[in-house]
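Novice: The structure file work24.cif (mmCIF, N, CA and C atoms) is provided below.
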```cif
data_run
loop_
_atom_site.label_atom_id
_atom_site.label_comp_id
_atom_site.auth_asym_id
_atom_site.auth_seq_id
_atom_site.Cartn_x
_atom_site.Cartn_y
_atom_site.Cartn_z
N MET W 1 -22.65 68.65 161.92
CA MET W 1 -22.10 68.30 163.21
C MET W 1 -22.55 66.89 163.57
N ASN W 2 -21.61 66.08 164.03
CA ASN W 2 -21.88 64.70 164.41
C ASN W 2 -21.89 64.60 165.93
N ILE W 3 -23.04 64.19 166.45
CA ILE W 3 -23.20 64.11 167.91
C ILE W 3 -23.58 62.69 168.30
N LEU W 4 -22.87 62.17 169.28
CA LEU W 4 -23.15 60.85 169.85
C LEU W 4 -23.89 61.09 171.17
N ILE W 5 -25.08 60.48 171.29
CA ILE W 5 -25.88 60.65 172.50
C ILE W 5 -26.07 59.29 173.18
N VAL W 6 -25.75 59.23 174.47
CA VAL W 6 -26.00 58.04 175.27
C VAL W 6 -27.11 58.41 176.25
N GLU W 7 -28.32 57.96 175.93
CA GLU W 7 -29.52 58.35 176.70
C GLU W 7 -30.56 57.24 176.60
N ASP W 8 -31.09 56.82 177.74
CA ASP W 8 -32.07 55.73 177.74
C ASP W 8 -33.52 56.22 177.68
N ASP W 9 -33.80 57.43 178.12
CA ASP W 9 -35.17 57.94 178.18
C ASP W 9 -35.59 58.51 176.82
N ASP W 10 -36.60 57.89 176.19
CA ASP W 10 -37.03 58.32 174.86
C ASP W 10 -37.57 59.75 174.85
N TYR W 11 -38.33 60.11 175.87
CA TYR W 11 -38.91 61.46 175.95
C TYR W 11 -37.80 62.52 176.04
N LYS W 12 -36.85 62.27 176.92
CA LYS W 12 -35.72 63.20 177.08
C LYS W 12 -34.90 63.27 175.79
N TYR W 13 -34.68 62.12 175.17
CA TYR W 13 -33.92 62.08 173.91
C TYR W 13 -34.63 62.91 172.84
N GLU W 14 -35.93 62.76 172.70
CA GLU W 14 -36.69 63.54 171.70
C GLU W 14 -36.61 65.04 171.98
N ASN W 15 -36.66 65.42 173.25
CA ASN W 15 -36.51 66.84 173.61
C ASN W 15 -35.11 67.35 173.24
N MET W 16 -34.12 66.55 173.48
CA MET W 16 -32.74 66.94 173.15
C MET W 16 -32.60 67.12 171.64
N ILE W 17 -33.13 66.18 170.87
CA ILE W 17 -33.04 66.24 169.41
C ILE W 17 -33.77 67.48 168.88
N ARG W 18 -34.96 67.73 169.40
CA ARG W 18 -35.73 68.90 168.98
C ARG W 18 -34.94 70.18 169.20
N ASP W 19 -34.33 70.31 170.37
CA ASP W 19 -33.60 71.53 170.70
C ASP W 19 -32.28 71.63 169.94
N LEU W 20 -31.63 70.51 169.69
CA LEU W 20 -30.40 70.54 168.88
C LEU W 20 -30.70 70.91 167.43
N LYS W 21 -31.79 70.36 166.88
CA LYS W 21 -32.16 70.67 165.49
C LYS W 21 -32.50 72.15 165.31
N ALA W 22 -32.96 72.79 166.37
CA ALA W 22 -33.31 74.21 166.30
C ALA W 22 -32.06 75.10 166.19
N ILE W 23 -30.91 74.57 166.58
CA ILE W 23 -29.70 75.42 166.57
C ILE W 23 -28.59 74.91 165.66
N VAL W 24 -28.67 73.66 165.20
CA VAL W 24 -27.63 73.10 164.34
C VAL W 24 -28.26 72.69 163.01
N GLU W 25 -27.75 73.28 161.92
CA GLU W 25 -28.32 73.00 160.60
C GLU W 25 -28.00 71.60 160.11
N ASP W 26 -26.74 71.26 160.04
CA ASP W 26 -26.31 69.98 159.50
C ASP W 26 -26.01 69.06 160.68
N LEU W 27 -27.02 68.31 161.13
CA LEU W 27 -26.92 67.53 162.35
C LEU W 27 -27.03 66.04 162.06
N ASN W 28 -26.05 65.28 162.52
CA ASN W 28 -26.08 63.81 162.45
C ASN W 28 -26.00 63.29 163.87
N ILE W 29 -26.98 62.46 164.23
CA ILE W 29 -27.06 61.93 165.59
C ILE W 29 -26.90 60.42 165.56
N PHE W 30 -26.10 59.89 166.48
CA PHE W 30 -26.02 58.46 166.70
C PHE W 30 -26.35 58.24 168.17
N ARG W 31 -27.29 57.32 168.45
CA ARG W 31 -27.76 57.12 169.82
C ARG W 31 -27.45 55.72 170.33
N LEU W 32 -27.05 55.67 171.58
CA LEU W 32 -26.94 54.43 172.34
C LEU W 32 -27.80 54.62 173.58
N ASN W 33 -28.45 53.53 174.06
CA ASN W 33 -29.40 53.75 175.14
C ASN W 33 -29.14 52.94 176.42
N ASN W 34 -27.93 52.42 176.57
CA ASN W 34 -27.57 51.80 177.85
C ASN W 34 -26.05 51.78 177.99
N CYS W 35 -25.61 51.56 179.19
CA CYS W 35 -24.18 51.67 179.49
C CYS W 35 -23.34 50.62 178.76
N MET W 36 -23.73 49.37 178.78
CA MET W 36 -22.92 48.31 178.17
C MET W 36 -22.81 48.48 176.66
N ASP W 37 -23.90 48.84 175.99
CA ASP W 37 -23.83 49.07 174.55
C ASP W 37 -22.86 50.21 174.23
N ALA W 38 -22.89 51.24 175.06
CA ALA W 38 -21.97 52.37 174.85
C ALA W 38 -20.52 51.93 175.02
N LEU W 39 -20.24 51.20 176.09
CA LEU W 39 -18.87 50.76 176.34
C LEU W 39 -18.37 49.83 175.24
N MET W 40 -19.22 48.94 174.76
CA MET W 40 -18.85 48.03 173.66
C MET W 40 -18.62 48.81 172.36
N TYR W 41 -19.48 49.78 172.10
CA TYR W 41 -19.32 50.59 170.90
C TYR W 41 -18.01 51.38 170.93
N PHE W 42 -17.71 51.97 172.08
CA PHE W 42 -16.47 52.73 172.21
C PHE W 42 -15.26 51.81 171.97
N ARG W 43 -15.32 50.62 172.53
CA ARG W 43 -14.22 49.68 172.34
C ARG W 43 -14.06 49.32 170.86
N SER W 44 -15.17 49.23 170.13
CA SER W 44 -15.09 48.92 168.69
C SER W 44 -14.46 50.06 167.90
N LEU W 45 -14.51 51.27 168.45
CA LEU W 45 -13.92 52.43 167.77
C LEU W 45 -12.45 52.64 168.12
N LYS W 46 -11.95 51.87 169.08
CA LYS W 46 -10.56 52.06 169.53
C LYS W 46 -9.60 51.95 168.35
N ASN W 47 -8.68 52.89 168.30
CA ASN W 47 -7.67 52.97 167.23
C ASN W 47 -8.28 53.13 165.84
N ASN W 48 -9.49 53.63 165.77
CA ASN W 48 -10.16 53.87 164.49
C ASN W 48 -10.16 55.37 164.23
N SER W 49 -9.44 55.79 163.24
CA SER W 49 -9.35 57.23 162.95
C SER W 49 -10.57 57.75 162.21
N ASP W 50 -11.51 56.87 161.87
CA ASP W 50 -12.69 57.29 161.12
C ASP W 50 -13.79 57.88 162.01
N ASN W 51 -13.66 57.77 163.33
CA ASN W 51 -14.71 58.35 164.17
C ASN W 51 -14.56 59.87 164.12
N ASP W 52 -15.63 60.51 163.77
CA ASP W 52 -15.56 61.97 163.61
C ASP W 52 -16.69 62.65 164.37
N TYR W 53 -16.80 62.30 165.64
CA TYR W 53 -17.80 62.94 166.48
C TYR W 53 -17.30 64.30 166.93
N ASP W 54 -18.24 65.24 166.99
CA ASP W 54 -17.92 66.59 167.45
C ASP W 54 -18.30 66.80 168.91
N LEU W 55 -19.17 65.91 169.41
CA LEU W 55 -19.66 66.06 170.78
C LEU W 55 -20.26 64.74 171.25
N LEU W 56 -20.00 64.40 172.51
CA LEU W 56 -20.67 63.29 173.19
C LEU W 56 -21.57 63.90 174.25
N ILE W 57 -22.84 63.50 174.23
CA ILE W 57 -23.78 63.90 175.29
C ILE W 57 -24.21 62.62 175.99
N THR W 58 -24.06 62.57 177.30
CA THR W 58 -24.44 61.38 178.05
C THR W 58 -25.27 61.73 179.27
N ASP W 59 -26.15 60.81 179.62
CA ASP W 59 -26.92 60.91 180.85
C ASP W 59 -26.05 60.40 182.00
N ASN W 60 -26.45 60.68 183.21
CA ASN W 60 -25.71 60.20 184.37
C ASN W 60 -26.21 58.83 184.79
N TYR W 61 -27.52 58.63 184.87
CA TYR W 61 -28.11 57.37 185.28
C TYR W 61 -28.79 56.71 184.10
N MET W 62 -28.52 55.42 183.91
CA MET W 62 -29.19 54.67 182.86
C MET W 62 -29.04 53.18 183.14
N PRO W 63 -29.80 52.36 182.41
CA PRO W 63 -29.67 50.91 182.63
C PRO W 63 -28.28 50.41 182.24
N LEU W 64 -27.84 49.40 182.95
CA LEU W 64 -26.56 48.79 182.63
C LEU W 64 -26.64 48.08 181.28
N ARG W 65 -27.76 47.36 181.06
CA ARG W 65 -27.96 46.62 179.81
C ARG W 65 -29.31 46.98 179.21
N LYS W 66 -29.50 46.56 177.97
CA LYS W 66 -30.71 46.88 177.20
C LYS W 66 -32.00 46.45 177.91
N ASP W 67 -32.05 45.26 178.45
CA ASP W 67 -33.27 44.73 179.05
C ASP W 67 -33.33 44.93 180.56
N SER W 68 -32.47 45.75 181.10
CA SER W 68 -32.42 45.99 182.53
C SER W 68 -33.25 47.22 182.90
N PHE W 69 -33.85 47.19 184.07
CA PHE W 69 -34.64 48.33 184.52
C PHE W 69 -33.99 49.06 185.69
N ASP W 70 -32.93 48.49 186.23
CA ASP W 70 -32.21 49.13 187.33
C ASP W 70 -31.27 50.17 186.75
N LEU W 71 -31.40 51.41 187.25
CA LEU W 71 -30.53 52.48 186.76
C LEU W 71 -29.26 52.52 187.60
N VAL W 72 -28.14 52.71 186.91
CA VAL W 72 -26.85 52.83 187.58
C VAL W 72 -26.22 54.16 187.20
N GLN W 73 -25.40 54.66 188.11
CA GLN W 73 -24.69 55.90 187.80
C GLN W 73 -23.56 55.54 186.84
N SER W 74 -23.80 55.75 185.55
CA SER W 74 -22.90 55.23 184.53
C SER W 74 -22.05 56.29 183.84
N ALA W 75 -22.32 57.55 184.06
CA ALA W 75 -21.62 58.60 183.33
C ALA W 75 -20.11 58.52 183.49
N ILE W 76 -19.63 58.24 184.67
CA ILE W 76 -18.18 58.19 184.89
C ILE W 76 -17.54 57.09 184.04
N TYR W 77 -18.22 55.94 183.91
CA TYR W 77 -17.70 54.84 183.09
C TYR W 77 -17.75 55.21 181.61
N ILE W 78 -18.83 55.83 181.20
CA ILE W 78 -18.99 56.23 179.80
C ILE W 78 -17.93 57.27 179.43
N ILE W 79 -17.75 58.26 180.28
CA ILE W 79 -16.77 59.32 180.01
C ILE W 79 -15.36 58.75 179.94
N ASN W 80 -14.99 57.96 180.93
CA ASN W 80 -13.63 57.40 180.96
C ASN W 80 -13.38 56.47 179.78
N SER W 81 -14.36 55.65 179.44
CA SER W 81 -14.20 54.74 178.31
C SER W 81 -14.11 55.52 177.00
N PHE W 82 -14.93 56.54 176.84
CA PHE W 82 -14.90 57.35 175.62
C PHE W 82 -13.53 58.01 175.47
N LYS W 83 -13.03 58.58 176.55
CA LYS W 83 -11.72 59.26 176.49
C LYS W 83 -10.60 58.26 176.20
N ASN W 84 -10.67 57.06 176.78
CA ASN W 84 -9.62 56.06 176.57
C ASN W 84 -9.70 55.38 175.21
N ASP W 85 -10.91 55.08 174.74
CA ASP W 85 -11.07 54.27 173.54
C ASP W 85 -11.38 55.06 172.27
N VAL W 86 -11.98 56.23 172.41
CA VAL W 86 -12.43 56.96 171.22
C VAL W 86 -11.62 58.23 171.00
N SER W 87 -11.70 59.16 171.94
CA SER W 87 -11.00 60.43 171.75
C SER W 87 -10.86 61.18 173.06
N GLU W 88 -9.68 61.70 173.29
CA GLU W 88 -9.46 62.55 174.46
C GLU W 88 -9.85 63.99 174.17
N SER W 89 -10.01 64.33 172.89
CA SER W 89 -10.22 65.73 172.54
C SER W 89 -11.67 66.09 172.23
N VAL W 90 -12.53 65.10 171.98
CA VAL W 90 -13.94 65.41 171.69
C VAL W 90 -14.61 65.91 172.96
N PRO W 91 -15.31 67.04 172.89
CA PRO W 91 -15.99 67.57 174.08
C PRO W 91 -17.09 66.62 174.57
N ILE W 92 -17.28 66.61 175.88
CA ILE W 92 -18.28 65.75 176.51
C ILE W 92 -19.22 66.61 177.35
N CYS W 93 -20.52 66.34 177.19
CA CYS W 93 -21.54 67.04 177.97
C CYS W 93 -22.35 66.01 178.76
N VAL W 94 -22.47 66.21 180.05
CA VAL W 94 -23.36 65.40 180.87
C VAL W 94 -24.68 66.15 180.96
N CYS W 95 -25.74 65.51 180.47
CA CYS W 95 -27.08 66.09 180.49
C CYS W 95 -27.93 65.21 181.38
N SER W 96 -28.19 65.67 182.59
CA SER W 96 -28.82 64.82 183.59
C SER W 96 -29.89 65.58 184.36
N SER W 97 -30.86 64.83 184.87
CA SER W 97 -31.92 65.43 185.68
C SER W 97 -31.46 65.76 187.10
N ASP W 98 -30.32 65.23 187.47
CA ASP W 98 -29.77 65.53 188.79
C ASP W 98 -28.39 66.15 188.62
N LYS W 99 -27.97 66.90 189.62
CA LYS W 99 -26.66 67.55 189.54
C LYS W 99 -25.57 66.51 189.48
N PHE W 100 -24.62 66.74 188.60
CA PHE W 100 -23.53 65.80 188.38
C PHE W 100 -22.29 66.34 189.08
N ASN W 101 -21.96 65.75 190.21
CA ASN W 101 -20.84 66.24 191.01
C ASN W 101 -19.69 65.23 191.09
N VAL W 102 -19.64 64.32 190.15
CA VAL W 102 -18.60 63.30 190.15
C VAL W 102 -17.31 63.88 189.58
N LYS W 103 -16.19 63.56 190.21
CA LYS W 103 -14.89 64.04 189.72
C LYS W 103 -14.45 63.18 188.53
N CYS W 104 -14.55 63.73 187.35
CA CYS W 104 -14.00 63.11 186.15
C CYS W 104 -13.88 64.19 185.08
N ASP W 105 -13.30 63.84 183.97
CA ASP W 105 -12.92 64.81 182.97
C ASP W 105 -14.02 64.99 181.91
N TYR W 106 -14.89 65.99 182.10
CA TYR W 106 -15.91 66.33 181.11
C TYR W 106 -15.90 67.84 180.93
N ASP W 107 -16.49 68.30 179.83
CA ASP W 107 -16.37 69.71 179.47
C ASP W 107 -17.60 70.55 179.84
N TYR W 108 -18.77 69.95 179.74
CA TYR W 108 -20.01 70.71 179.93
C TYR W 108 -20.99 69.89 180.76
N SER W 109 -21.87 70.60 181.44
CA SER W 109 -22.93 69.96 182.22
C SER W 109 -24.22 70.74 182.01
N VAL W 110 -25.29 70.01 181.73
CA VAL W 110 -26.60 70.62 181.52
C VAL W 110 -27.59 69.92 182.44
N LEU W 111 -28.32 70.72 183.23
CA LEU W 111 -29.35 70.17 184.09
C LEU W 111 -30.64 70.05 183.29
N TYR W 112 -31.11 68.83 183.11
CA TYR W 112 -32.32 68.58 182.32
C TYR W 112 -33.56 68.72 183.19
N GLU W 113 -34.48 69.54 182.73
CA GLU W 113 -35.80 69.66 183.35
C GLU W 113 -36.82 69.48 182.23
N PRO W 114 -37.77 68.54 182.38
CA PRO W 114 -38.70 68.22 181.29
C PRO W 114 -39.49 69.42 180.74
N THR W 115 -39.71 70.42 181.56
CA THR W 115 -40.50 71.57 181.11
C THR W 115 -39.64 72.71 180.56
N LYS W 116 -38.33 72.55 180.60
CA LYS W 116 -37.42 73.61 180.17
C LYS W 116 -36.75 73.24 178.83
N SER W 117 -36.67 74.20 177.95
CA SER W 117 -35.96 74.00 176.69
C SER W 117 -34.46 73.93 176.96
N LEU W 118 -33.78 73.10 176.17
CA LEU W 118 -32.33 72.98 176.28
C LEU W 118 -31.61 73.82 175.23
N GLN W 119 -32.37 74.56 174.42
CA GLN W 119 -31.77 75.32 173.32
C GLN W 119 -30.68 76.29 173.78
N GLU W 120 -30.94 77.02 174.83
CA GLU W 120 -29.96 78.01 175.30
C GLU W 120 -28.67 77.33 175.76
N ASP W 121 -28.81 76.26 176.54
CA ASP W 121 -27.63 75.53 177.02
C ASP W 121 -26.86 74.91 175.85
N PHE W 122 -27.59 74.24 174.97
CA PHE W 122 -26.92 73.61 173.82
C PHE W 122 -26.31 74.65 172.89
N SER W 123 -26.97 75.77 172.72
CA SER W 123 -26.44 76.83 171.86
C SER W 123 -25.09 77.33 172.38
N LYS W 124 -24.97 77.52 173.69
CA LYS W 124 -23.70 77.96 174.28
C LYS W 124 -22.61 76.92 174.06
N ILE W 125 -22.96 75.65 174.20
CA ILE W 125 -22.00 74.57 174.01
C ILE W 125 -21.54 74.50 172.56
N ILE W 126 -22.49 74.53 171.63
CA ILE W 126 -22.17 74.46 170.20
C ILE W 126 -21.33 75.67 169.79
N ASP W 127 -21.70 76.85 170.26
CA ASP W 127 -20.92 78.06 169.96
C ASP W 127 -19.49 77.94 170.48
N ASP W 128 -19.34 77.40 171.69
CA ASP W 128 -18.02 77.24 172.27
C ASP W 128 -17.18 76.23 171.47
N ILE W 129 -17.79 75.13 171.07
CA ILE W 129 -17.09 74.13 170.26
C ILE W 129 -16.66 74.73 168.93
N ASN W 130 -17.56 75.45 168.27
CA ASN W 130 -17.24 76.08 166.98
C ASN W 130 -16.13 77.12 167.13
N ARG W 131 -16.18 77.91 168.21
CA ARG W 131 -15.14 78.92 168.45
C ARG W 131 -13.79 78.25 168.64
N LYS W 132 -13.74 77.18 169.41
CA LYS W 132 -12.48 76.47 169.65
C LYS W 132 -11.95 75.85 168.36
N GLU W 133 -12.84 75.30 167.54
CA GLU W 133 -12.42 74.73 166.25
C GLU W 133 -11.86 75.81 165.33
N ASN W 134 -12.51 76.96 165.29
CA ASN W 134 -12.02 78.07 164.47
C ASN W 134 -10.67 78.58 164.96
N ASP W 135 -10.50 78.67 166.27
CA ASP W 135 -9.21 79.09 166.83
C ASP W 135 -8.11 78.11 166.46
N LEU W 136 -8.42 76.82 166.49
CA LEU W 136 -7.45 75.80 166.13
C LEU W 136 -7.08 75.89 164.65
N LYS W 137 -8.07 76.12 163.79
CA LYS W 137 -7.81 76.28 162.35
C LYS W 137 -6.94 77.52 162.10
N ASP W 138 -7.27 78.62 162.76
CA ASP W 138 -6.48 79.84 162.61
C ASP W 138 -5.03 79.62 163.06
N GLU W 139 -4.87 78.87 164.14
CA GLU W 139 -3.53 78.59 164.65
C GLU W 139 -2.74 77.74 163.64
N LYS W 140 -3.38 76.75 163.02
CA LYS W 140 -2.71 75.92 162.01
C LYS W 140 -2.33 76.74 160.78
N ILE W 141 -3.22 77.61 160.35
CA ILE W 141 -2.94 78.47 159.20
C ILE W 141 -1.76 79.40 159.51
N LEU W 142 -1.75 79.95 160.70
CA LEU W 142 -0.66 80.84 161.11
C LEU W 142 0.68 80.09 161.11
N LYS W 143 0.69 78.86 161.57
CA LYS W 143 1.92 78.07 161.58
C LYS W 143 2.41 77.82 160.16
N ILE W 144 1.50 77.58 159.23
CA ILE W 144 1.87 77.34 157.83
C ILE W 144 2.54 78.58 157.24
N TYR W 145 1.97 79.74 157.52
CA TYR W 145 2.49 80.99 156.94
C TYR W 145 3.73 81.52 157.65
N THR W 146 4.00 81.07 158.84
CA THR W 146 5.17 81.57 159.56
C THR W 146 6.37 80.66 159.42
N LYS W 147 6.24 79.59 158.68
CA LYS W 147 7.37 78.66 158.48
C LYS W 147 8.34 79.21 157.48
#
```
Starting from the file, lay out its structure as structure tokens.

Specialist:
Amino acid sequence: MNILIVEDDDYKYENMIRDLKAIVEDLNIFRLNNCMDALMYFRSLKNNSDNDYDLLITDNYMPLRKDSFDLVQSAIYIINSFKNDVSESVPICVCSSDKFNVKCDYDYSVLYEPTKSLQEDFSKIIDDINRKENDLKDEKILKIYTK
């Protein structure tokens, strides 16, 4: 499974990786740690059919740039840019320490607490993604045999 994570906090990122590794055997992670790098990366993937991410996980607040310390509410920009430039169909999870109540198109939300494991939340998300992929494969196979 290929997961793209946009997260600036190293401690939170390490916790996420630990919990994802506990539930996903074949895991490939690519990380971006600020809003502008994410937006530029997404733009570089535009019209590129080689991107094969299975999930985007993003924080809600992060620095605008690499050397910036001011946090901005960036999830809405990251989500919209990802959907416009990379993929409308890849599931998106907002993993944030605060409740995410912004109106935009994302699939999952996880409330991050430093003392709580994310395994249960991530397990439900991964299971749901796998179930949807299997349903899509079954549907394609059925179409082939019913022609």

Novice: Show me, as a PyMOL selection string, the residues that have an atom within 6.5 Å of stretch 65-67 of chain W when counting only N, CA and C atoms, minus same-chain residues fewer than 3 positions from it.

Specialist: chain W and resi 33-37+62

Novice: Per DSSP on the backbone, what are the strand (DSSP E or B) residues of chain W, as number ranges by chain?

Specialist: W: 2-6, 28-32, 55-58, 61-63, 71-73, 92-96, 108-111

Novice: The PyMOL selection byres (((chain W and resi 118-121 and name CA) around 10) and name CA) on the file shown: which residues, as a ChimeraX atom specification?

Specialist: /W:15-23,95,108-117,122-126

Novice: Restrict the selected residues to N, CA and C atoms and save them as a CSV table (one decimal), in the coordinates of the input.

Specialist:
```csv
chain,number,residue,atom,x,y,z
W,15,ASN,N,-36.7,65.4,173.2
W,15,ASN,CA,-36.5,66.8,173.6
W,15,ASN,C,-35.1,67.4,173.2
W,16,MET,N,-34.1,66.6,173.5
W,16,MET,CA,-32.7,66.9,173.2
W,16,MET,C,-32.6,67.1,171.6
W,17,ILE,N,-33.1,66.2,170.9
W,17,ILE,CA,-33.0,66.2,169.4
W,17,ILE,C,-33.8,67.5,168.9
W,18,ARG,N,-35.0,67.7,169.4
W,18,ARG,CA,-35.7,68.9,169.0
W,18,ARG,C,-34.9,70.2,169.2
W,19,ASP,N,-34.3,70.3,170.4
W,19,ASP,CA,-33.6,71.5,170.7
W,19,ASP,C,-32.3,71.6,169.9
W,20,LEU,N,-31.6,70.5,169.7
W,20,LEU,CA,-30.4,70.5,168.9
W,20,LEU,C,-30.7,70.9,167.4
W,21,LYS,N,-31.8,70.4,166.9
W,21,LYS,CA,-32.2,70.7,165.5
W,21,LYS,C,-32.5,72.2,165.3
W,22,ALA,N,-33.0,72.8,166.4
W,22,ALA,CA,-33.3,74.2,166.3
W,22,ALA,C,-32.1,75.1,166.2
W,23,ILE,N,-30.9,74.6,166.6
W,23,ILE,CA,-29.7,75.4,166.6
W,23,ILE,C,-28.6,74.9,165.7
W,95,CYS,N,-25.7,65.5,180.5
W,95,CYS,CA,-27.1,66.1,180.5
W,95,CYS,C,-27.9,65.2,181.4
W,108,TYR,N,-18.8,70.0,179.7
W,108,TYR,CA,-20.0,70.7,179.9
W,108,TYR,C,-21.0,69.9,180.8
W,109,SER,N,-21.9,70.6,181.4
W,109,SER,CA,-22.9,70.0,182.2
W,109,SER,C,-24.2,70.7,182.0
W,110,VAL,N,-25.3,70.0,181.7
W,110,VAL,CA,-26.6,70.6,181.5
W,110,VAL,C,-27.6,69.9,182.4
W,111,LEU,N,-28.3,70.7,183.2
W,111,LEU,CA,-29.4,70.2,184.1
W,111,LEU,C,-30.6,70.0,183.3
W,112,TYR,N,-31.1,68.8,183.1
W,112,TYR,CA,-32.3,68.6,182.3
W,112,TYR,C,-33.6,68.7,183.2
W,113,GLU,N,-34.5,69.5,182.7
W,113,GLU,CA,-35.8,69.7,183.4
W,113,GLU,C,-36.8,69.5,182.2
W,114,PRO,N,-37.8,68.5,182.4
W,114,PRO,CA,-38.7,68.2,181.3
W,114,PRO,C,-39.5,69.4,180.7
W,115,THR,N,-39.7,70.4,181.6
W,115,THR,CA,-40.5,71.6,181.1
W,115,THR,C,-39.6,72.7,180.6
W,116,LYS,N,-38.3,72.6,180.6
W,116,LYS,CA,-37.4,73.6,180.2
W,116,LYS,C,-36.8,73.2,178.8
W,117,SER,N,-36.7,74.2,178.0
W,117,SER,CA,-36.0,74.0,176.7
W,117,SER,C,-34.5,73.9,177.0
W,122,PHE,N,-27.6,74.2,175.0
W,122,PHE,CA,-26.9,73.6,173.8
W,122,PHE,C,-26.3,74.6,172.9
W,123,SER,N,-27.0,75.8,172.7
W,123,SER,CA,-26.4,76.8,171.9
W,123,SER,C,-25.1,77.3,172.4
W,124,LYS,N,-25.0,77.5,173.7
W,124,LYS,CA,-23.7,78.0,174.3
W,124,LYS,C,-22.6,76.9,174.1
W,125,ILE,N,-23.0,75.6,174.2
W,125,ILE,CA,-22.0,74.6,174.0
W,125,ILE,C,-21.5,74.5,172.6
W,126,ILE,N,-22.5,74.5,171.6
W,126,ILE,CA,-22.2,74.5,170.2
W,126,ILE,C,-21.3,75.7,169.8
```

Novice: What is the atom CA of W:Tyr77-atom N of W:Leu39 distance in Å, reported with one decimal?

Specialist: 8.3 Å

Novice: So how many Å separate atom CA of W:Lys46 and atom CA of W:Asp85, to one decimal?

Specialist: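 Computed distance, atom CA of W:Lys46 to atom CA of W:Asp85, equals 4.6 Å.
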
Novice: Pick the closest to W:Pro63 from W:Glu14, W:Asp107, W:Asp8, W:Glu25: which is it, counting only C-alpha atoms?

Specialist: W:Asp8

Novice: Let me have the centre and edge lengths in Å, one decimal, of the box along x, y and z around every listed atom of stretch 88-104 of chain W with 8 Å of margin on each side, as lines of an AutoDock Vina configuration file.

Specialist:
```
center_x = -20.7
center_y = 64.6
center_z = 181.4
size_x = 38.5
size_y = 21.9
size_z = 35.4
```

Novice: Suppose you want the space between atom CA of W:Arg43 and atom CA of W:Asp127; what is it in Å?

Specialist: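 According to the coordinates, atom CA of W:Arg43 and atom CA of W:Asp127 are separated by 29.3 Å.
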
Novice: Determine which residues of stretch 54-107 of chain W receive a DSSP assignment of alpha helix (DSSP H), computed from the backbone, and state them as a PyMOL selection string.

Specialist: chain W and resi 75-85

Novice: Dump N, CA and C atoms for the selected residues as a PDB file, keeping the file's coordinate frame?

Specialist:
```
ATOM      1  N   ALA W  75     -22.320  57.550 184.060  1.00  0.00           N
ATOM      2  CA  ALA W  75     -21.620  58.600 183.330  1.00  0.00           C
ATOM      3  C   ALA W  75     -20.110  58.520 183.490  1.00  0.00           C
ATOM      4  N   ILE W  76     -19.630  58.240 184.670  1.00  0.00           N
ATOM      5  CA  ILE W  76     -18.180  58.190 184.890  1.00  0.00           C
ATOM      6  C   ILE W  76     -17.540  57.090 184.040  1.00  0.00           C
ATOM      7  N   TYR W  77     -18.220  55.940 183.910  1.00  0.00           N
ATOM      8  CA  TYR W  77     -17.700  54.840 183.090  1.00  0.00           C
ATOM      9  C   TYR W  77     -17.750  55.210 181.610  1.00  0.00           C
ATOM     10  N   ILE W  78     -18.830  55.830 181.200  1.00  0.00           N
ATOM     11  CA  ILE W  78     -18.990  56.230 179.800  1.00  0.00           C
ATOM     12  C   ILE W  78     -17.930  57.270 179.430  1.00  0.00           C
ATOM     13  N   ILE W  79     -17.750  58.260 180.280  1.00  0.00           N
ATOM     14  CA  ILE W  79     -16.770  59.320 180.010  1.00  0.00           C
ATOM     15  C   ILE W  79     -15.360  58.750 179.940  1.00  0.00           C
ATOM     16  N   ASN W  80     -14.990  57.960 180.930  1.00  0.00           N
ATOM     17  CA  ASN W  80     -13.630  57.400 180.960  1.00  0.00           C
ATOM     18  C   ASN W  80     -13.380  56.470 179.780  1.00  0.00           C
ATOM     19  N   SER W  81     -14.360  55.650 179.440  1.00  0.00           N
ATOM     20  CA  SER W  81     -14.200  54.740 178.310  1.00  0.00           C
ATOM     21  C   SER W  81     -14.110  55.520 177.000  1.00  0.00           C
ATOM     22  N   PHE W  82     -14.930  56.540 176.840  1.00  0.00           N
ATOM     23  CA  PHE W  82     -14.900  57.350 175.620  1.00  0.00           C
ATOM     24  C   PHE W  82     -13.530  58.010 175.470  1.00  0.00           C
ATOM     25  N   LYS W  83     -13.030  58.580 176.550  1.00  0.00           N
ATOM     26  CA  LYS W  83     -11.720  59.260 176.490  1.00  0.00           C
ATOM     27  C   LYS W  83     -10.600  58.260 176.200  1.00  0.00           C
ATOM     28  N   ASN W  84     -10.670  57.060 176.780  1.00  0.00           N
ATOM     29  CA  ASN W  84      -9.620  56.060 176.570  1.00  0.00           C
ATOM     30  C   ASN W  84      -9.700  55.380 175.210  1.00  0.00           C
ATOM     31  N   ASP W  85     -10.910  55.080 174.740  1.00  0.00           N
ATOM     32  CA  ASP W  85     -11.070  54.270 173.540  1.00  0.00           C
ATOM     33  C   ASP W  85     -11.380  55.060 172.270  1.00  0.00           C
TER      34      ASP W  85
END
```

Novice: Got a sec: who's within 5 Å of W:Met1, counting all atoms listed in the file, leaving out chain neighbours fewer than 6 positions off, as a PyMOL selection string?

Specialist: chain W and resi 26-28

Novice: Which polymer residues have any atom within 5 Å of an atom of W:Tyr61, counting only N, CA and C atoms, with same-chain residues fewer than 2 positions away left out, as JSON, numbers by chain?

Specialist: {"W": [59, 63, 72, 73, 74]}
